[in-house]
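**Q** My questions all concern the structure below.
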Protein chains: 2
Amino acid sequence: MAFDPSTLVYDSRGLIPAIAQDAASGQVLMMAWMNAEAVARTLETGRVTYWSRSRAAFWVKGESSGHVQRLVEMRVDCDRDCLLVTVDQTGPACHTNRRSCFYTAVRGGEEVEILRPEA
Amino acid sequence: MAFDPSTLVYDSRGLIPAIAQDAASGQVLMMAWMNAEAVARTLETGRVTYWSRSRAAFWVKGESSGHVQRLVEMRVDCDRDCLLVTVDQTGPACHTNRRSCFYTAVRGGEEVEILRPEA
């Protein structure tokens, strides 16, 4: 069946969460949001493109930082209301310069930093 | 720093997305939602507990199916508005009996089923 971005289930803002996972290591890098046009652009260009809620604009990941995400594969979940994009990530995915945004773990009731910013 | 679920950033419904990842294989299994109490219960019990939007009730994963998720580690992202839970998953995570909810890939513009239901 041909994939049509309009058949995904978007929230009241027209957005769907997209989880980015490093295709090589399996590390979960970040979660951000796409609208239907961002989904289409990601597939067309192979450059992962989100919708920035704060800037209300398309956000081609790495456009300013150089930390681009090349799409390896887009996957859709059973409810069609969440995406998983496996990516080839250049440099850190997080704006804090860490490889992943999920650098804080909860261990023994305490917050522990488990990833350091890259040099 | 002691972790306090009330310091997370919840949406207008009081919910935060939680990505479940198989701690052993790295496979992304599903995404669902938690409220502050579900976060607390997950940490207290070690049983991953979501908030079911459709049932408007706590959803202890596997309570009815037996496909439980034992919490290995909870991680918080840089914006504190998304969680990653690494889990020890018993059986399939998806209600369709597939290991992961992300069983549909987009390849060459077509939707392709990449995971079959388990026997």
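Ordering of the structure tokens sets the chain letters (A, B, ...), residue numbers begin anew at 1 in every chain, and ligands are numbered from 1 in the order given.
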Would you give me, as a ChimeraX atom specification, the residues of chain B that come within 10 Å of chain A, using only C-alpha atoms?

**A** /B:1-4,17-19,21,25-32,43-44,72-85,94-96,98,100-114

**Q** When DSSP works through the backbone of this structure, what residues of chain A end up as strand (DSSP E), shown as a count of residues only?

**A** 45

**Q** Can you tell me which residues surround Arg41 (chain A) at a distance of at most 12 Å, considering only C-alpha atoms, apart from same-chain residues fewer than 4 positions away, and format the answer as a PyMOL selection string?

**A** chain A and resi 5+34-37+45-51+58-61+71

**Q** What does the structure give for the distance between CA of Val68 (chain A) and CA of Val87 (chain B), in Å to one decimal?

**A** 28.7 Å
